Amino acid sequence: MEPFYGVLTELRSRGVKDIYLACVDGLKGFPQAIESVFPKTQVQLCIVHMIRASLNYVPWQDRRKVAADLKNIYRAATAEEALRQLEAFEKAWTKYPAAAKQWREQWDRVVPFLEFPEEVRKVVYTTNAVESLHMSLRKIIKNRASLPSEEAAIKLLYLALDKRSKKWETVQGWKQMLNHLEIVCGDRMREAGVRI
């Protein structure tokens, strides 16, 4: 938790006043660090990471079927329906108990995104966009045998981000997301000085 705590306290010292929702992968201690520094934050585990982790316990011949049944959990209309789907999944796949165990153990961090309208859930349920960006930046640095200085590395990363950002588009569903955030946490946003 210690390295995460340092990064988060630095974010706070740089002016981040509040975080409504944080989608994280499976890094141990990261959710606790977020909640320690930003206590009002709702932590959402990346659903894509949850699926991948579950499929680690499933042989190749059953992966497609198991993945299809997991879809019933995270595509449920409500948290209550998702829980019913999890129970059905556990009954259907008794030969892979570990595949469902982590969903049950992490349930409070799996279902926060189900409180959002269906059209914006894809905006908040995965960390894949950020991970894709990080992978492309690592690749740029890795492909260079050596760099003459830290400043050269920073310039290289800046140029890569500048080039990549020109290809970015508005996130589908983001306007609906902003409207939903105004409804559920508009007061917190205004307190933090955020304007929509």
# chains A, B, ... in the order shown; residues from 1 in each chain; ligands from 1
call {"tool": "residues_around", "arguments": {"residues": "A:Glu35", "least_positions_apart": "2", "cutoff": "12 Å", "atoms": "only C-alpha atoms", "output": "MDAnalysis selection string"}}
result
chainID A and resid 1 4:5 8:9 18:22 29:33 37:44 109
call {"tool": "write_last_selection", "arguments": {"atoms": "N, CA and C atoms", "output": "PDB file, in the first residue's frame"}}
result
ATOM      1  N   MET A   1       0.821  -1.181   0.000  1.00  0.00           N
ATOM      2  CA  MET A   1       0.000   0.000   0.000  1.00  0.00           C
ATOM      3  C   MET A   1       0.877   1.261   0.000  1.00  0.00           C
ATOM      4  N   PHE A   4       1.614   3.160  -3.396  1.00  0.00           N
ATOM      5  CA  PHE A   4       0.375   3.746  -3.910  1.00  0.00           C
ATOM      6  C   PHE A   4      -0.020   4.969  -3.093  1.00  0.00           C
ATOM      7  N   TYR A   5       0.155   4.856  -1.793  1.00  0.00           N
ATOM      8  CA  TYR A   5      -0.206   5.945  -0.898  1.00  0.00           C
ATOM      9  C   TYR A   5       0.588   7.204  -1.256  1.00  0.00           C
ATOM     10  N   LEU A   8      -0.792   8.761  -4.463  1.00  0.00           N
ATOM     11  CA  LEU A   8      -2.095   9.386  -4.227  1.00  0.00           C
ATOM     12  C   LEU A   8      -1.983  10.668  -3.400  1.00  0.00           C
ATOM     13  N   THR A   9      -1.109  10.670  -2.405  1.00  0.00           N
ATOM     14  CA  THR A   9      -0.938  11.900  -1.628  1.00  0.00           C
ATOM     15  C   THR A   9      -0.307  12.994  -2.491  1.00  0.00           C
ATOM     16  N   ASP A  18     -11.010  15.410  -4.868  1.00  0.00           N
ATOM     17  CA  ASP A  18     -11.963  14.320  -4.643  1.00  0.00           C
ATOM     18  C   ASP A  18     -11.953  13.410  -5.858  1.00  0.00           C
ATOM     19  N   ILE A  19     -12.254  12.149  -5.626  1.00  0.00           N
ATOM     20  CA  ILE A  19     -12.437  11.180  -6.708  1.00  0.00           C
ATOM     21  C   ILE A  19     -13.760  10.489  -6.428  1.00  0.00           C
ATOM     22  N   TYR A  20     -14.644  10.511  -7.397  1.00  0.00           N
ATOM     23  CA  TYR A  20     -15.939   9.862  -7.196  1.00  0.00           C
ATOM     24  C   TYR A  20     -15.823   8.349  -7.387  1.00  0.00           C
ATOM     25  N   LEU A  21     -15.208   7.935  -8.498  1.00  0.00           N
ATOM     26  CA  LEU A  21     -15.089   6.517  -8.829  1.00  0.00           C
ATOM     27  C   LEU A  21     -13.707   6.250  -9.390  1.00  0.00           C
ATOM     28  N   ALA A  22     -13.062   5.206  -8.906  1.00  0.00           N
ATOM     29  CA  ALA A  22     -11.754   4.802  -9.421  1.00  0.00           C
ATOM     30  C   ALA A  22     -11.856   3.360  -9.884  1.00  0.00           C
ATOM     31  N   GLY A  29      -3.553  -3.753  -2.468  1.00  0.00           N
ATOM     32  CA  GLY A  29      -3.343  -2.566  -1.666  1.00  0.00           C
ATOM     33  C   GLY A  29      -3.751  -1.262  -2.322  1.00  0.00           C
ATOM     34  N   PHE A  30      -3.946  -1.264  -3.640  1.00  0.00           N
ATOM     35  CA  PHE A  30      -4.300  -0.023  -4.322  1.00  0.00           C
ATOM     36  C   PHE A  30      -5.687   0.493  -3.905  1.00  0.00           C
ATOM     37  N   PRO A  31      -6.712  -0.365  -3.877  1.00  0.00           N
ATOM     38  CA  PRO A  31      -8.029   0.134  -3.438  1.00  0.00           C
ATOM     39  C   PRO A  31      -7.987   0.727  -2.024  1.00  0.00           C
ATOM     40  N   GLN A  32      -7.270   0.071  -1.122  1.00  0.00           N
ATOM     41  CA  GLN A  32      -7.184   0.564   0.253  1.00  0.00           C
ATOM     42  C   GLN A  32      -6.462   1.914   0.309  1.00  0.00           C
ATOM     43  N   ALA A  33      -5.427   2.070  -0.500  1.00  0.00           N
ATOM     44  CA  ALA A  33      -4.698   3.335  -0.532  1.00  0.00           C
ATOM     45  C   ALA A  33      -5.593   4.456  -1.063  1.00  0.00           C
ATOM     46  N   VAL A  37      -6.676   7.895   1.134  1.00  0.00           N
ATOM     47  CA  VAL A  37      -6.385   9.277   0.759  1.00  0.00           C
ATOM     48  C   VAL A  37      -7.652  10.027   0.321  1.00  0.00           C
ATOM     49  N   PHE A  38      -8.532   9.326  -0.386  1.00  0.00           N
ATOM     50  CA  PHE A  38      -9.793   9.912  -0.855  1.00  0.00           C
ATOM     51  C   PHE A  38     -10.944   9.054  -0.324  1.00  0.00           C
ATOM     52  N   PRO A  39     -11.329   9.252   0.941  1.00  0.00           N
ATOM     53  CA  PRO A  39     -12.258   8.336   1.618  1.00  0.00           C
ATOM     54  C   PRO A  39     -13.653   8.215   1.007  1.00  0.00           C
ATOM     55  N   LYS A  40     -14.087   9.173   0.224  1.00  0.00           N
ATOM     56  CA  LYS A  40     -15.426   9.099  -0.375  1.00  0.00           C
ATOM     57  C   LYS A  40     -15.433   8.314  -1.693  1.00  0.00           C
ATOM     58  N   THR A  41     -14.272   7.909  -2.150  1.00  0.00           N
ATOM     59  CA  THR A  41     -14.155   7.261  -3.454  1.00  0.00           C
ATOM     60  C   THR A  41     -14.785   5.875  -3.462  1.00  0.00           C
ATOM     61  N   GLN A  42     -15.518   5.622  -4.521  1.00  0.00           N
ATOM     62  CA  GLN A  42     -16.056   4.293  -4.779  1.00  0.00           C
ATOM     63  C   GLN A  42     -15.031   3.575  -5.658  1.00  0.00           C
ATOM     64  N   VAL A  43     -14.565   2.414  -5.227  1.00  0.00           N
ATOM     65  CA  VAL A  43     -13.551   1.683  -5.996  1.00  0.00           C
ATOM     66  C   VAL A  43     -14.226   0.573  -6.795  1.00  0.00           C
ATOM     67  N   GLN A  44     -13.965   0.580  -8.091  1.00  0.00           N
ATOM     68  CA  GLN A  44     -14.514  -0.406  -9.026  1.00  0.00           C
ATOM     69  C   GLN A  44     -13.364  -1.250  -9.553  1.00  0.00           C
ATOM     70  N   ARG A 109     -16.540  -4.483  -4.702  1.00  0.00           N
ATOM     71  CA  ARG A 109     -15.735  -3.719  -5.655  1.00  0.00           C
ATOM     72  C   ARG A 109     -16.040  -4.108  -7.106  1.00  0.00           C
TER      73      ARG A 109
END
call {"tool": "residues_around", "arguments": {"residues": "stretch 62-72 of chain A", "least_positions_apart": "6", "cutoff": "12 Å", "atoms": "only C-alpha atoms", "output": "VMD selection string"}}
result
chain A and resid 47 to 48 50 to 56 78 to 79 81 to 97 99 to 100 103
call {"tool": "write_last_selection", "arguments": {"atoms": "C-alpha atoms", "output": "tab-separated table (two decimals), in the first residue's frame"}}
result
chain	number	residue	atom	x	y	z
A	47	ILE	CA	-14.31	-6.26	-15.04
A	48	VAL	CA	-11.97	-7.31	-17.86
A	50	MET	CA	-11.91	-10.10	-13.23
A	51	ILE	CA	-12.90	-12.14	-16.29
A	52	ARG	CA	-9.27	-12.90	-17.17
A	53	ALA	CA	-8.51	-13.89	-13.59
A	54	SER	CA	-11.52	-16.24	-13.53
A	55	LEU	CA	-10.55	-17.83	-16.83
A	56	ASN	CA	-7.11	-18.64	-15.41
A	78	THR	CA	-28.96	-4.36	-11.15
A	79	ALA	CA	-26.61	-5.51	-8.41
A	81	GLU	CA	-29.72	-9.46	-10.54
A	82	ALA	CA	-25.94	-9.73	-10.84
A	83	LEU	CA	-25.83	-11.58	-7.51
A	84	ARG	CA	-28.50	-14.01	-8.76
A	85	GLN	CA	-26.43	-14.54	-11.91
A	86	LEU	CA	-23.32	-15.17	-9.78
A	87	GLU	CA	-25.23	-17.79	-7.79
A	88	ALA	CA	-26.40	-19.42	-11.04
A	89	PHE	CA	-22.82	-19.35	-12.31
A	90	GLU	CA	-21.58	-21.07	-9.12
A	91	LYS	CA	-24.21	-23.81	-9.52
A	92	ALA	CA	-23.47	-24.30	-13.21
A	93	TRP	CA	-19.69	-24.41	-12.82
A	94	THR	CA	-19.11	-26.38	-9.61
A	95	LYS	CA	-16.04	-27.97	-11.19
A	96	TYR	CA	-14.34	-24.52	-11.25
A	97	PRO	CA	-15.08	-23.06	-7.81
A	99	ALA	CA	-13.50	-18.99	-11.01
A	100	ALA	CA	-16.44	-17.67	-8.97
A	103	TRP	CA	-16.13	-12.51	-7.70
call {"tool": "select_by_dssp", "arguments": {"residues": "stretch 52-174 of chain A", "states": "helix (DSSP H, G or I)", "output": "number ranges by chain"}}
result
A: 52-55, 60-74, 79-92, 97-105, 107-110, 112-115, 118-124, 128-142, 150-165, 174
call {"tool": "atom_distance", "arguments": {"atom1": "atom CA of A:Glu119", "atom2": "atom CA of A:Met189"}}
result
21.5 Å
call {"tool": "closest_residue", "arguments": {"among": "A:Arg144, A:His180, A:Arg188, A:Arg75", "to": "A:Lys122", "atoms": "only C-alpha atoms"}}
result
A:Arg75
call {"tool": "closest_residue", "arguments": {"among": "A:Leu137, A:Val124, A:Lys142, A:Trp107", "to": "A:Lys163", "atoms": "only C-alpha atoms"}}
result
A:Leu137
call {"tool": "closest_residue", "arguments": {"among": "A:Val7, A:Ser36, A:Ile140, A:Asp108", "to": "A:Arg164", "atoms": "only C-alpha atoms"}}
result
A:Ile140
call {"tool": "select_by_dssp", "arguments": {"residues": "chain A", "states": "strand (DSSP E)", "output": "ChimeraX atom specification"}}
result
/A:21-24,42-45
call {"tool": "atom_distance", "arguments": {"atom1": "atom CA of A:Gly193", "atom2": "atom CA of A:Val120"}}
result
23.2 Å
call {"tool": "atom_distance", "arguments": {"atom1": "atom CA of A:Ile73", "atom2": "atom CA of A:Pro112"}}
result
12.9 Å
